file final-v6.cif (mmCIF, C-alpha atoms)
data_query
#
loop_
_atom_site.label_atom_id
_atom_site.label_comp_id
_atom_site.auth_asym_id
_atom_site.auth_seq_id
_atom_site.Cartn_x
_atom_site.Cartn_y
_atom_site.Cartn_z
CA MET A 1 -37.44 -7.43 143.40
CA SER A 2 -39.64 -7.98 140.34
CA ASN A 3 -37.01 -6.32 138.10
CA THR A 4 -34.36 -8.68 139.43
CA LYS A 5 -36.63 -11.64 138.73
CA LYS A 6 -37.32 -10.41 135.20
CA MET A 7 -33.65 -9.88 134.59
CA SER A 8 -32.80 -13.38 135.77
CA ILE A 9 -35.49 -14.95 133.57
CA SER A 10 -34.26 -12.92 130.59
CA ASP A 11 -30.66 -13.92 131.25
CA ILE A 12 -31.61 -17.58 131.56
CA PHE A 13 -33.54 -17.47 128.28
CA GLY A 14 -30.67 -15.69 126.54
CA LYS A 15 -28.16 -18.22 127.83
CA LEU A 16 -30.41 -21.07 126.71
CA PHE A 17 -30.78 -19.55 123.26
CA ARG A 18 -27.02 -19.21 122.87
CA ASN A 19 -26.43 -22.80 123.98
CA GLN A 20 -25.39 -25.01 121.06
CA ILE A 21 -27.82 -27.78 121.92
CA PHE A 22 -30.78 -25.37 121.86
CA VAL A 23 -31.35 -25.70 118.08
CA PRO A 24 -31.68 -29.53 117.90
CA ILE A 25 -33.88 -29.57 120.99
CA ALA A 26 -36.08 -26.79 119.55
CA ALA A 27 -36.26 -28.61 116.21
CA MET A 28 -37.31 -31.82 117.92
CA LEU A 29 -39.99 -30.03 119.94
CA ILE A 30 -41.36 -28.38 116.79
CA LEU A 31 -41.60 -31.74 115.00
CA LEU A 32 -43.22 -33.38 118.04
CA ILE A 33 -45.78 -30.57 118.39
CA PHE A 34 -46.54 -30.78 114.66
CA ASN A 35 -47.21 -34.51 114.93
CA LEU A 36 -49.28 -33.99 118.06
CA ILE A 37 -51.53 -31.53 116.23
CA ALA A 38 -51.63 -33.37 112.88
CA ASP A 39 -52.13 -36.87 114.26
CA PRO A 40 -51.79 -37.76 117.96
CA SER A 41 -51.57 -41.44 117.01
CA PHE A 42 -47.93 -40.70 116.17
CA PHE A 43 -47.20 -41.06 119.89
CA ARG A 44 -49.01 -44.37 120.33
CA ILE A 45 -46.76 -47.20 121.50
CA THR A 46 -48.15 -50.71 121.58
CA LEU A 47 -46.83 -53.92 123.08
CA GLY A 48 -47.06 -56.84 120.68
CA TYR A 49 -45.23 -60.01 119.74
CA ASN A 50 -42.87 -60.75 116.88
CA SER A 51 -42.77 -63.90 114.76
CA ALA A 52 -40.74 -65.67 117.45
CA GLY A 53 -43.37 -64.90 120.09
CA ASN A 54 -41.24 -62.40 121.99
CA PRO A 55 -42.72 -59.13 123.32
CA VAL A 56 -41.77 -56.03 121.35
CA LEU A 57 -42.75 -52.37 121.53
CA SER A 58 -43.88 -50.83 118.25
CA GLY A 59 -44.90 -47.38 117.07
CA TYR A 60 -43.48 -44.36 115.28
CA LEU A 61 -41.47 -43.26 118.31
CA MET A 62 -39.91 -46.70 118.57
CA THR A 63 -38.96 -46.45 114.90
CA VAL A 64 -37.22 -43.14 115.61
CA LEU A 65 -35.42 -44.72 118.55
CA ASP A 66 -34.45 -47.79 116.53
CA CYS A 67 -33.28 -46.26 113.24
CA GLY A 68 -31.97 -43.10 114.88
CA SER A 69 -29.58 -45.14 117.00
CA GLU A 70 -27.39 -46.23 114.09
CA LEU A 71 -27.37 -42.68 112.75
CA ALA A 72 -26.31 -41.43 116.19
CA ILE A 73 -23.39 -43.88 116.16
CA LEU A 74 -22.22 -42.51 112.80
CA ALA A 75 -22.67 -38.94 114.07
CA ILE A 76 -20.07 -39.64 116.78
CA GLY A 77 -17.34 -40.38 114.28
CA MET A 78 -18.47 -37.75 111.78
CA THR A 79 -18.33 -35.08 114.49
CA LEU A 80 -14.69 -35.87 115.26
CA VAL A 81 -13.75 -35.93 111.56
CA THR A 82 -15.50 -32.61 110.95
CA ALA A 83 -13.91 -30.98 114.00
CA ALA A 84 -10.38 -32.14 113.21
CA SER A 85 -10.26 -31.86 109.42
CA GLY A 86 -12.78 -29.13 108.65
CA GLY A 87 -14.41 -31.48 106.15
CA GLN A 88 -16.73 -34.46 105.95
CA ASP A 89 -16.45 -38.12 105.02
CA ILE A 90 -18.96 -38.92 102.25
CA SER A 91 -17.95 -42.59 102.05
CA VAL A 92 -19.56 -43.94 105.22
CA GLY A 93 -22.41 -45.54 103.29
CA ALA A 94 -19.96 -47.40 101.05
CA GLY A 95 -17.89 -48.19 104.15
CA ILE A 96 -20.93 -49.83 105.75
CA ALA A 97 -21.37 -51.95 102.62
CA ILE A 98 -17.71 -53.07 102.77
CA ALA A 99 -17.73 -53.78 106.51
CA GLY A 100 -21.06 -55.60 106.25
CA SER A 101 -19.81 -57.70 103.35
CA ALA A 102 -16.64 -58.63 105.26
CA LEU A 103 -18.79 -59.55 108.26
CA LEU A 104 -20.93 -61.90 106.17
CA ARG A 105 -17.87 -63.38 104.49
CA VAL A 106 -16.47 -64.46 107.84
CA LEU A 107 -19.84 -65.72 109.11
CA CYS A 108 -20.76 -67.66 105.97
CA GLY A 109 -17.38 -68.57 104.47
CA ASN A 110 -17.67 -69.90 100.92
CA ASN A 111 -21.25 -71.08 101.47
CA THR A 112 -23.82 -68.35 100.90
CA ARG A 113 -26.53 -70.34 102.71
CA PRO A 114 -24.77 -72.00 105.67
CA GLU A 115 -26.80 -74.02 108.15
CA THR A 116 -24.39 -73.07 110.94
CA LEU A 117 -22.13 -70.06 111.34
CA ASN A 118 -18.61 -70.44 110.00
CA ALA A 119 -17.21 -68.33 112.88
CA PRO A 120 -18.48 -66.71 116.10
CA ILE A 121 -20.29 -63.41 115.60
CA ILE A 122 -17.78 -61.54 117.76
CA VAL A 123 -14.90 -62.75 115.57
CA ALA A 124 -16.70 -61.69 112.41
CA PHE A 125 -17.45 -58.30 113.96
CA LEU A 126 -13.81 -57.76 114.94
CA VAL A 127 -12.75 -58.56 111.38
CA SER A 128 -15.25 -56.04 110.02
CA VAL A 129 -13.91 -53.47 112.50
CA LEU A 130 -10.36 -54.04 111.24
CA VAL A 131 -11.53 -53.72 107.63
CA ALA A 132 -13.43 -50.51 108.37
CA MET A 133 -10.48 -49.10 110.31
CA CYS A 134 -8.19 -49.84 107.35
CA PHE A 135 -10.42 -47.91 104.97
CA GLY A 136 -10.75 -45.16 107.55
CA ALA A 137 -6.97 -45.06 107.82
CA PHE A 138 -6.75 -44.87 104.02
CA ASN A 139 -9.07 -41.85 103.96
CA GLY A 140 -7.16 -40.36 106.88
CA CYS A 141 -3.84 -40.72 105.07
CA LEU A 142 -5.16 -38.90 102.02
CA VAL A 143 -6.45 -36.06 104.19
CA ALA A 144 -3.74 -35.83 106.84
CA PHE A 145 -0.58 -36.73 104.95
CA PHE A 146 -1.39 -35.68 101.39
CA LYS A 147 -3.51 -32.65 102.40
CA ILE A 148 -6.42 -33.60 100.13
CA GLN A 149 -9.76 -31.97 100.92
CA PRO A 150 -11.82 -34.56 102.90
CA MET A 151 -14.80 -34.70 100.53
CA VAL A 152 -12.49 -35.21 97.54
CA ALA A 153 -10.40 -37.80 99.36
CA THR A 154 -13.41 -39.84 100.48
CA LEU A 155 -14.98 -39.59 97.02
CA ILE A 156 -12.65 -42.44 96.00
CA LEU A 157 -14.21 -44.90 98.46
CA TYR A 158 -17.67 -43.42 97.84
CA THR A 159 -17.31 -44.34 94.16
CA ALA A 160 -15.60 -47.71 94.45
CA GLY A 161 -16.75 -48.93 97.87
CA ARG A 162 -19.90 -50.80 96.88
CA SER A 163 -18.06 -52.60 94.08
CA ILE A 164 -15.43 -53.66 96.60
CA ALA A 165 -18.18 -54.90 98.90
CA ALA A 166 -19.69 -57.02 96.10
CA TRP A 167 -16.24 -58.37 95.17
CA ILE A 168 -15.63 -59.60 98.75
CA ASN A 169 -18.50 -62.08 98.42
CA ASN A 170 -18.07 -62.73 94.67
CA ASN A 171 -21.14 -60.60 93.96
CA GLU A 172 -23.34 -63.10 95.82
CA LEU A 173 -25.80 -62.33 98.62
CA PRO A 174 -25.04 -64.48 101.69
CA ILE A 175 -27.90 -65.16 104.08
CA VAL A 176 -27.38 -65.92 107.78
CA SER A 177 -29.99 -68.33 109.13
CA ASP A 178 -28.82 -68.19 112.77
CA ALA A 179 -31.58 -66.53 114.82
CA THR A 180 -29.15 -65.07 117.37
CA PHE A 181 -27.57 -62.88 114.69
CA SER A 182 -30.90 -61.14 114.07
CA TYR A 183 -31.09 -60.11 117.74
CA ILE A 184 -28.43 -57.43 117.13
CA GLY A 185 -30.53 -55.44 114.70
CA GLY A 186 -33.85 -56.48 116.19
CA PHE A 187 -34.89 -57.47 119.71
CA ILE A 188 -33.28 -59.60 122.36
CA PRO A 189 -35.84 -62.17 123.60
CA GLY A 190 -37.62 -60.82 126.65
CA ILE A 191 -36.53 -57.21 126.06
CA PRO A 192 -39.16 -55.20 124.12
CA ILE A 193 -36.79 -52.27 123.35
CA PRO A 194 -34.79 -52.44 120.08
CA THR A 195 -31.24 -53.71 120.56
CA PRO A 196 -29.66 -50.89 118.45
CA PHE A 197 -30.68 -48.44 121.18
CA PHE A 198 -28.53 -50.28 123.73
CA ILE A 199 -25.64 -50.47 121.26
CA ALA A 200 -25.88 -46.73 120.63
CA ALA A 201 -26.04 -46.07 124.38
CA ALA A 202 -22.88 -48.15 124.88
CA CYS A 203 -21.08 -46.23 122.11
CA LEU A 204 -22.14 -42.92 123.64
CA LEU A 205 -20.94 -44.03 127.06
CA ILE A 206 -17.56 -45.06 125.63
CA ILE A 207 -17.02 -41.79 123.74
CA ALA A 208 -18.16 -39.80 126.78
CA LEU A 209 -15.57 -41.55 128.95
CA VAL A 210 -12.89 -41.07 126.29
CA LEU A 211 -13.62 -37.35 125.99
CA LYS A 212 -13.73 -36.98 129.77
CA PHE A 213 -10.59 -38.88 130.73
CA THR A 214 -8.38 -38.17 127.69
CA ASN A 215 -7.40 -35.06 125.77
CA LEU A 216 -8.90 -36.31 122.50
CA GLY A 217 -11.64 -33.67 122.47
CA LEU A 218 -9.27 -30.84 123.36
CA TYR A 219 -6.66 -31.86 120.79
CA THR A 220 -9.28 -32.36 118.07
CA GLN A 221 -10.74 -28.91 118.63
CA ALA A 222 -7.28 -27.31 118.80
CA VAL A 223 -6.28 -28.82 115.45
CA GLY A 224 -9.57 -27.82 113.85
CA ILE A 225 -9.38 -24.23 115.13
CA ASN A 226 -5.77 -23.58 114.17
CA GLU A 227 -3.53 -26.35 112.88
CA SER A 228 -0.37 -24.23 112.90
CA SER A 229 -0.84 -23.07 116.48
CA SER A 230 -1.58 -26.58 117.69
CA ARG A 231 1.65 -27.79 116.07
CA LEU A 232 3.61 -25.02 117.83
CA ASN A 233 2.06 -26.18 121.11
CA GLY A 234 3.45 -29.68 120.68
CA LEU A 235 0.48 -31.44 119.05
CA ASN A 236 0.67 -33.62 115.97
CA PRO A 237 -2.18 -32.43 113.70
CA THR A 238 -1.45 -35.11 111.10
CA PHE A 239 -1.91 -37.93 113.59
CA ILE A 240 -5.02 -36.41 115.17
CA LYS A 241 -6.73 -36.00 111.79
CA TRP A 242 -5.77 -39.55 110.84
CA LEU A 243 -7.05 -40.86 114.18
CA SER A 244 -10.43 -39.17 113.72
CA PHE A 245 -10.97 -41.08 110.46
CA VAL A 246 -9.96 -44.35 112.12
CA ILE A 247 -12.49 -43.75 114.91
CA LEU A 248 -15.14 -43.04 112.28
CA GLY A 249 -14.20 -46.39 110.74
CA ILE A 250 -15.03 -48.12 114.03
CA CYS A 251 -18.42 -46.36 114.10
CA VAL A 252 -19.03 -47.49 110.51
CA ALA A 253 -18.35 -51.12 111.49
CA VAL A 254 -20.84 -50.93 114.38
CA ALA A 255 -23.48 -49.42 112.08
CA ALA A 256 -22.74 -52.15 109.51
CA LEU A 257 -23.30 -54.85 112.14
CA ILE A 258 -26.74 -53.40 112.90
CA LYS A 259 -27.65 -52.92 109.24
CA VAL A 260 -26.69 -56.43 108.17
CA SER A 261 -28.31 -58.00 111.23
CA ARG A 262 -31.68 -56.43 110.39
CA LEU A 263 -32.03 -58.50 107.21
CA SER A 264 -29.44 -61.23 107.96
CA SER A 265 -28.14 -60.42 104.49
CA ILE A 266 -26.92 -57.49 102.40
CA ASN A 267 -27.81 -55.57 99.26
CA TYR A 268 -24.62 -53.85 98.12
CA SER A 269 -26.27 -51.09 96.10
CA VAL A 270 -29.00 -50.20 98.60
CA ILE A 271 -27.60 -50.73 102.09
CA ALA A 272 -27.01 -47.44 103.93
CA LYS A 273 -27.75 -45.47 100.78
CA ASP A 274 -27.36 -41.70 101.39
CA ILE A 275 -26.77 -42.27 105.09
CA GLU A 276 -23.61 -40.15 104.87
CA MET A 277 -25.79 -37.13 104.08
CA ASP A 278 -27.92 -37.73 107.17
CA ALA A 279 -24.79 -38.10 109.31
CA ILE A 280 -23.39 -34.80 108.01
CA LEU A 281 -26.72 -33.07 108.54
CA ALA A 282 -26.84 -34.40 112.11
CA VAL A 283 -23.49 -32.73 112.80
CA ALA A 284 -24.63 -29.48 111.17
CA LEU A 285 -27.98 -29.52 112.95
CA GLY A 286 -26.10 -29.93 116.22
CA GLY A 287 -24.67 -26.46 115.64
CA ASN A 288 -21.15 -27.71 114.96
CA ALA A 289 -19.14 -25.65 112.49
CA LEU A 290 -18.59 -27.68 109.32
CA SER A 291 -15.31 -25.83 108.88
CA GLY A 292 -13.91 -27.56 111.97
CA GLY A 293 -13.00 -26.58 115.50
CA LYS A 294 -15.21 -26.61 118.57
CA PHE A 295 -17.85 -29.33 118.72
CA ASN A 296 -20.60 -30.64 120.97
CA MET A 297 -21.00 -34.41 120.74
CA TRP A 298 -24.36 -34.47 122.52
CA ALA A 299 -25.75 -31.86 120.12
CA SER A 300 -24.69 -34.04 117.16
CA VAL A 301 -26.39 -37.09 118.67
CA MET A 302 -29.53 -35.06 119.29
CA GLY A 303 -29.32 -33.86 115.68
CA ALA A 304 -29.23 -37.48 114.51
CA PHE A 305 -32.49 -38.27 116.26
CA VAL A 306 -34.05 -35.07 114.88
CA ILE A 307 -33.13 -36.17 111.34
CA GLN A 308 -34.68 -39.58 111.97
CA LEU A 309 -37.77 -37.99 113.51
CA LEU A 310 -38.15 -35.86 110.39
CA THR A 311 -37.71 -38.89 108.13
CA THR A 312 -40.27 -40.92 110.07
CA THR A 313 -42.73 -38.00 110.04
CA LEU A 314 -42.45 -37.67 106.26
CA TYR A 315 -42.97 -41.41 105.79
CA LYS A 316 -45.99 -41.26 108.08
CA PHE A 317 -47.64 -38.71 105.81
CA ASN A 318 -47.05 -40.97 102.80
CA VAL A 319 -44.31 -38.90 101.18
CA GLN A 320 -42.85 -40.93 98.32
CA SER A 321 -39.33 -42.19 98.89
CA ASP A 322 -37.95 -40.46 95.79
CA ALA A 323 -39.38 -37.12 96.98
CA LEU A 324 -38.21 -37.59 100.55
CA PRO A 325 -34.79 -35.92 100.09
CA ALA A 326 -36.43 -32.77 98.68
CA TYR A 327 -38.77 -32.34 101.66
CA LYS A 328 -35.97 -33.14 104.06
CA ALA A 329 -33.62 -30.67 102.37
CA VAL A 330 -36.06 -27.76 102.74
CA VAL A 331 -36.61 -28.36 106.43
CA VAL A 332 -32.96 -29.02 107.18
CA ILE A 333 -31.82 -25.91 105.30
CA LEU A 334 -34.12 -23.80 107.47
CA LEU A 335 -32.83 -25.44 110.63
CA VAL A 336 -29.18 -25.18 109.65
CA VAL A 337 -29.53 -21.53 108.62
CA PHE A 338 -31.27 -20.77 111.90
CA SER A 339 -28.43 -22.45 113.79
CA SER A 340 -25.68 -20.63 111.88
CA PRO A 341 -23.46 -18.28 113.94
CA VAL A 342 -24.46 -15.25 111.81
CA VAL A 343 -28.19 -15.68 112.41
CA ARG A 344 -27.75 -16.46 116.09
CA GLU A 345 -25.53 -13.41 116.51
CA LYS A 346 -28.16 -11.21 114.86
CA MET A 347 -30.85 -12.68 117.09
CA ALA A 348 -28.66 -12.03 120.13
CA GLN A 349 -28.19 -8.39 119.05
CA ILE A 350 -31.95 -7.94 118.61
CA SER A 351 -32.52 -9.47 122.04
CA LYS A 352 -30.00 -7.08 123.61
CA LYS A 353 -31.61 -4.06 121.93
CA MET A 354 -35.07 -5.07 123.15
CA LYS A 355 -33.68 -5.64 126.62
CA SER A 356 -31.98 -2.23 126.70
CA ARG A 357 -35.16 -0.51 125.56
CA LYS A 358 -37.17 -2.15 128.33
CA GLU A 359 -34.57 -1.08 130.88
CA ALA A 360 -34.65 2.49 129.53
CA ALA A 361 -38.43 2.54 129.75
#
call {"tool": "encode", "arguments": {"input": "final-v6.cif", "output": "structure tokens"}}
result
Amino acid sequence: MSNTKKMSISDIFGKLFRNQIFVPIAAMLILLIFNLIADPSFFRITLGYNSAGNPVLSGYLMTVLDCGSELAILAIGMTLVTAASGGQDISVGAGIAIAGSALLRVLCGNNTRPETLNAPIIVAFLVSVLVAMCFGAFNGCLVAFFKIQPMVATLILYTAGRSIAAWINNNELPIVSDATFSYIGGFIPGIPIPTPFFIAAACLLIIALVLKFTNLGLYTQAVGINESSSRLNGLNPTFIKWLSFVILGICVAVAALIKVSRLSSINYSVIAKDIEMDAILAVALGGNALSGGKFNMWASVMGAFVIQLLTTTLYKFNVQSDALPAYKAVVVILLVVFSSPVVREKMAQISKKMKSRKEAA
């Protein structure tokens, strides 16, 4: 009876270890335990009031929840692009600058300091979505139709995107004075939880329903695993790759809305700087193969929050911003290597050998 119990516990642990979401969860637990030992105040959450007198929750964990939400939104689109094309889009930061600039252009019109909004926020957001989808479609065309490697194709927008964003508003910095616009990237009056968390939750719900009730996930994985076989089975790999970039464009527009709302303005050269690297790392940390194919959306989202938890932890210990990428790279390399199929296969083999020896004994 005891042997059966041991066997079942061993099997459960082995199954858990092989699960794709195990690595981001383990990484998050390690970071949380480290913060608990180094400084338990990391977990302190306080209820205070902002400048408008509305209750807000603050603390390091709330920062992770707040900033990690926009990264999780980008990870949704980046996961689909990676799975379908076997490459990554390095232009999402520039795309956020373009979408954010278009958003402000519609809201402010020709006046960079309007007293009232030139158009409803929802209209401006829909325009920014269309703009972001157009640039996503442009990247998708280069990858799907012209067979250009994704990183090379998106390098065009990565290089020129921020200049395009500045050109949209004549290199000026519009400022939105309407208080309701700041609610999107901040707090809704009476709700102490950051609004970006609810936006991210809505995006996750939508993509979950899409993956559940459509064949998008299946087709994306099929194209990423073997494009030729998927074509022989009646799929259109070109369209599916193109569609994945368009969906990423929508995610970019949502992230741009949050980013611009935080400051009610935009800085073309700084906004969303290097966020594309964090989005790619979130996908990799989620155990998804960067060469395309099978993916786990929830693991990517978990990876996004792990990346933000790591960033917040480094800031907490006063790591300089220019040194932050180096510290982050070391930790992420270890996590990504640990989550690689080769290492996990070796670990599984060692586990089987240990298990067989115990049974023989």
call {"tool": "closest_residue", "arguments": {"input": "final-v6.cif", "among": "A:Gly186, A:Gly224, A:Asn110, A:Glu115", "to": "Ile168 (chain A)", "atoms": "only C-alpha atoms"}}
result
A:Asn110
call {"tool": "residues_around", "arguments": {"input": "final-v6.cif", "residues": "Gln20 (chain A)", "least_positions_apart": "6", "cutoff": "12 Å", "atoms": "all atoms listed in the file", "output": "CSV table (one decimal) with C-alpha atoms, in the frame of the given file"}}
result
chain,number,residue,atom,x,y,z
A,26,ALA,CA,-36.1,-26.8,119.6
A,283,VAL,CA,-23.5,-32.7,112.8
A,284,ALA,CA,-24.6,-29.5,111.2
A,285,LEU,CA,-28.0,-29.5,113.0
A,286,GLY,CA,-26.1,-29.9,116.2
A,287,GLY,CA,-24.7,-26.5,115.6
A,288,ASN,CA,-21.2,-27.7,115.0
A,289,ALA,CA,-19.1,-25.6,112.5
A,294,LYS,CA,-15.2,-26.6,118.6
A,295,PHE,CA,-17.8,-29.3,118.7
A,296,ASN,CA,-20.6,-30.6,121.0
A,297,MET,CA,-21.0,-34.4,120.7
A,298,TRP,CA,-24.4,-34.5,122.5
A,299,ALA,CA,-25.8,-31.9,120.1
A,300,SER,CA,-24.7,-34.0,117.2
A,302,MET,CA,-29.5,-35.1,119.3
A,303,GLY,CA,-29.3,-33.9,115.7
A,338,PHE,CA,-31.3,-20.8,111.9
A,339,SER,CA,-28.4,-22.4,113.8
A,340,SER,CA,-25.7,-20.6,111.9
A,341,PRO,CA,-23.5,-18.3,113.9
A,344,ARG,CA,-27.8,-16.5,116.1
call {"tool": "resolve_selection", "arguments": {"input": "final-v6.cif", "expression": "the PyMOL selection byres ((chain A and resi 225-236) around 12)", "output": "number ranges by chain"}}
result
A: 82-86, 144-145, 215-216, 218-224, 237-243, 289-295
call {"tool": "write_last_selection", "arguments": {"input": "final-v6.cif", "atoms": "C-alpha atoms", "output": "PDB file, in the coordinates of the input"}}
result
ATOM      1  CA  THR A  82     -15.500 -32.610 110.950  1.00  0.00           C
ATOM      2  CA  ALA A  83     -13.910 -30.980 114.000  1.00  0.00           C
ATOM      3  CA  ALA A  84     -10.380 -32.140 113.210  1.00  0.00           C
ATOM      4  CA  SER A  85     -10.260 -31.860 109.420  1.00  0.00           C
ATOM      5  CA  GLY A  86     -12.780 -29.130 108.650  1.00  0.00           C
ATOM      6  CA  ALA A 144      -3.740 -35.830 106.840  1.00  0.00           C
ATOM      7  CA  PHE A 145      -0.580 -36.730 104.950  1.00  0.00           C
ATOM      8  CA  ASN A 215      -7.400 -35.060 125.770  1.00  0.00           C
ATOM      9  CA  LEU A 216      -8.900 -36.310 122.500  1.00  0.00           C
ATOM     10  CA  LEU A 218      -9.270 -30.840 123.360  1.00  0.00           C
ATOM     11  CA  TYR A 219      -6.660 -31.860 120.790  1.00  0.00           C
ATOM     12  CA  THR A 220      -9.280 -32.360 118.070  1.00  0.00           C
ATOM     13  CA  GLN A 221     -10.740 -28.910 118.630  1.00  0.00           C
ATOM     14  CA  ALA A 222      -7.280 -27.310 118.800  1.00  0.00           C
ATOM     15  CA  VAL A 223      -6.280 -28.820 115.450  1.00  0.00           C
ATOM     16  CA  GLY A 224      -9.570 -27.820 113.850  1.00  0.00           C
ATOM     17  CA  PRO A 237      -2.180 -32.430 113.700  1.00  0.00           C
ATOM     18  CA  THR A 238      -1.450 -35.110 111.100  1.00  0.00           C
ATOM     19  CA  PHE A 239      -1.910 -37.930 113.590  1.00  0.00           C
ATOM     20  CA  ILE A 240      -5.020 -36.410 115.170  1.00  0.00           C
ATOM     21  CA  LYS A 241      -6.730 -36.000 111.790  1.00  0.00           C
ATOM     22  CA  TRP A 242      -5.770 -39.550 110.840  1.00  0.00           C
ATOM     23  CA  LEU A 243      -7.050 -40.860 114.180  1.00  0.00           C
ATOM     24  CA  ALA A 289     -19.140 -25.650 112.490  1.00  0.00           C
ATOM     25  CA  LEU A 290     -18.590 -27.680 109.320  1.00  0.00           C
ATOM     26  CA  SER A 291     -15.310 -25.830 108.880  1.00  0.00           C
ATOM     27  CA  GLY A 292     -13.910 -27.560 111.970  1.00  0.00           C
ATOM     28  CA  GLY A 293     -13.000 -26.580 115.500  1.00  0.00           C
ATOM     29  CA  LYS A 294     -15.210 -26.610 118.570  1.00  0.00           C
ATOM     30  CA  PHE A 295     -17.850 -29.330 118.720  1.00  0.00           C
TER      31      PHE A 295
END
call {"tool": "residues_around", "arguments": {"input": "final-v6.cif", "residues": "Gly190 (chain A)", "least_positions_apart": "4", "cutoff": "12 Å", "atoms": "all atoms listed in the file", "output": "JSON, numbers by chain"}}
result
{"A": [48, 49, 50, 52, 53, 54, 55, 56, 57, 183, 186, 194, 195]}
call {"tool": "resolve_selection", "arguments": {"input": "final-v6.cif", "expression": "the PyMOL selection byres ((chain A and resi 139) around 9)", "output": "mmCIF file with C-alpha atoms, keeping the file's coordinate frame"}}
result
data_model
loop_
_atom_site.group_PDB
_atom_site.id
_atom_site.type_symbol
_atom_site.label_atom_id
_atom_site.label_comp_id
_atom_site.auth_asym_id
_atom_site.auth_seq_id
_atom_site.Cartn_x
_atom_site.Cartn_y
_atom_site.Cartn_z
ATOM 1 C CA ASP A 89 -16.450 -38.120 105.020
ATOM 2 C CA CYS A 134 -8.190 -49.840 107.350
ATOM 3 C CA PHE A 135 -10.420 -47.910 104.970
ATOM 4 C CA GLY A 136 -10.750 -45.160 107.550
ATOM 5 C CA ALA A 137 -6.970 -45.060 107.820
ATOM 6 C CA PHE A 138 -6.750 -44.870 104.020
ATOM 7 C CA GLY A 140 -7.160 -40.360 106.880
ATOM 8 C CA CYS A 141 -3.840 -40.720 105.070
ATOM 9 C CA LEU A 142 -5.160 -38.900 102.020
ATOM 10 C CA VAL A 143 -6.450 -36.060 104.190
ATOM 11 C CA ALA A 144 -3.740 -35.830 106.840
ATOM 12 C CA PRO A 150 -11.820 -34.560 102.900
ATOM 13 C CA ALA A 153 -10.400 -37.800 99.360
ATOM 14 C CA THR A 154 -13.410 -39.840 100.480
ATOM 15 C CA ILE A 156 -12.650 -42.440 96.000
ATOM 16 C CA LEU A 157 -14.210 -44.900 98.460
ATOM 17 C CA TRP A 242 -5.770 -39.550 110.840
ATOM 18 C CA PHE A 245 -10.970 -41.080 110.460
ATOM 19 C CA VAL A 246 -9.960 -44.350 112.120
#
call {"tool": "closest_residue", "arguments": {"input": "final-v6.cif", "among": "A:Thr313, A:Gln88, A:Ser128, A:Ser321", "to": "Ala38 (chain A)", "atoms": "all atoms listed in the file"}}
result
A:Thr313
call {"tool": "atom_distance", "arguments": {"input": "final-v6.cif", "atom1": "CA of Arg105 (chain A)", "atom2": "CA of Ile121 (chain A)"}}
result
11.4 Å
call {"tool": "resolve_selection", "arguments": {"input": "final-v6.cif", "expression": "the PyMOL selection byres ((chain A and resi 317) around 12)", "output": "JSON, numbers by chain"}}
result
{"A": [34, 35, 38, 39, 42, 60, 310, 311, 312, 313, 314, 315, 316, 318, 319, 320, 321, 324, 327]}
call {"tool": "atom_distance", "arguments": {"input": "final-v6.cif", "atom1": "CA of Gly77 (chain A)", "atom2": "CA of Ile148 (chain A)"}}
result
19.1 Å
call {"tool": "atom_distance", "arguments": {"input": "final-v6.cif", "atom1": "CA of Val176 (chain A)", "atom2": "CA of Val260 (chain A)"}}
result
9.5 Å
call {"tool": "decode", "arguments": {"input": "final-v6.cif", "residues": "region 196-205 of chain A", "atoms": "N, CA and C atoms", "output": "mmCIF file, in the first residue's frame"}}
result
data_model
loop_
_atom_site.group_PDB
_atom_site.id
_atom_site.type_symbol
_atom_site.label_atom_id
_atom_site.label_comp_id
_atom_site.auth_asym_id
_atom_site.auth_seq_id
_atom_site.Cartn_x
_atom_site.Cartn_y
_atom_site.Cartn_z
ATOM 1 N N PRO A 196 -5.340 48.673 -15.398
ATOM 2 C CA PRO A 196 -4.715 47.764 -16.367
ATOM 3 C C PRO A 196 -4.922 46.289 -16.049
ATOM 4 N N PHE A 197 -5.074 45.955 -14.775
ATOM 5 C CA PHE A 197 -5.316 44.561 -14.415
ATOM 6 C C PHE A 197 -6.642 44.076 -14.994
ATOM 7 N N PHE A 198 -7.671 44.906 -14.934
ATOM 8 C CA PHE A 198 -8.977 44.528 -15.473
ATOM 9 C C PHE A 198 -8.933 44.462 -17.007
ATOM 10 N N ILE A 199 -8.165 45.358 -17.615
ATOM 11 C CA ILE A 199 -8.024 45.323 -19.069
ATOM 12 C C ILE A 199 -7.327 44.039 -19.502
ATOM 13 N N ALA A 200 -6.255 43.687 -18.775
ATOM 14 C CA ALA A 200 -5.534 42.447 -19.087
ATOM 15 C C ALA A 200 -6.433 41.233 -18.882
ATOM 16 N N ALA A 201 -7.228 41.243 -17.812
ATOM 17 C CA ALA A 201 -8.142 40.129 -17.555
ATOM 18 C C ALA A 201 -9.164 39.994 -18.680
ATOM 19 N N ALA A 202 -9.657 41.126 -19.192
ATOM 20 C CA ALA A 202 -10.610 41.097 -20.305
ATOM 21 C C ALA A 202 -9.958 40.531 -21.572
ATOM 22 N N CYS A 203 -8.711 40.931 -21.826
ATOM 23 C CA CYS A 203 -7.987 40.419 -23.005
ATOM 24 C C CYS A 203 -7.756 38.919 -22.881
ATOM 25 N N LEU A 204 -7.410 38.466 -21.678
ATOM 26 C CA LEU A 204 -7.186 37.038 -21.456
ATOM 27 C C LEU A 204 -8.479 36.249 -21.625
ATOM 28 N N LEU A 205 -9.576 36.817 -21.157
ATOM 29 C CA LEU A 205 -10.870 36.151 -21.310
ATOM 30 C C LEU A 205 -11.229 36.028 -22.781
#
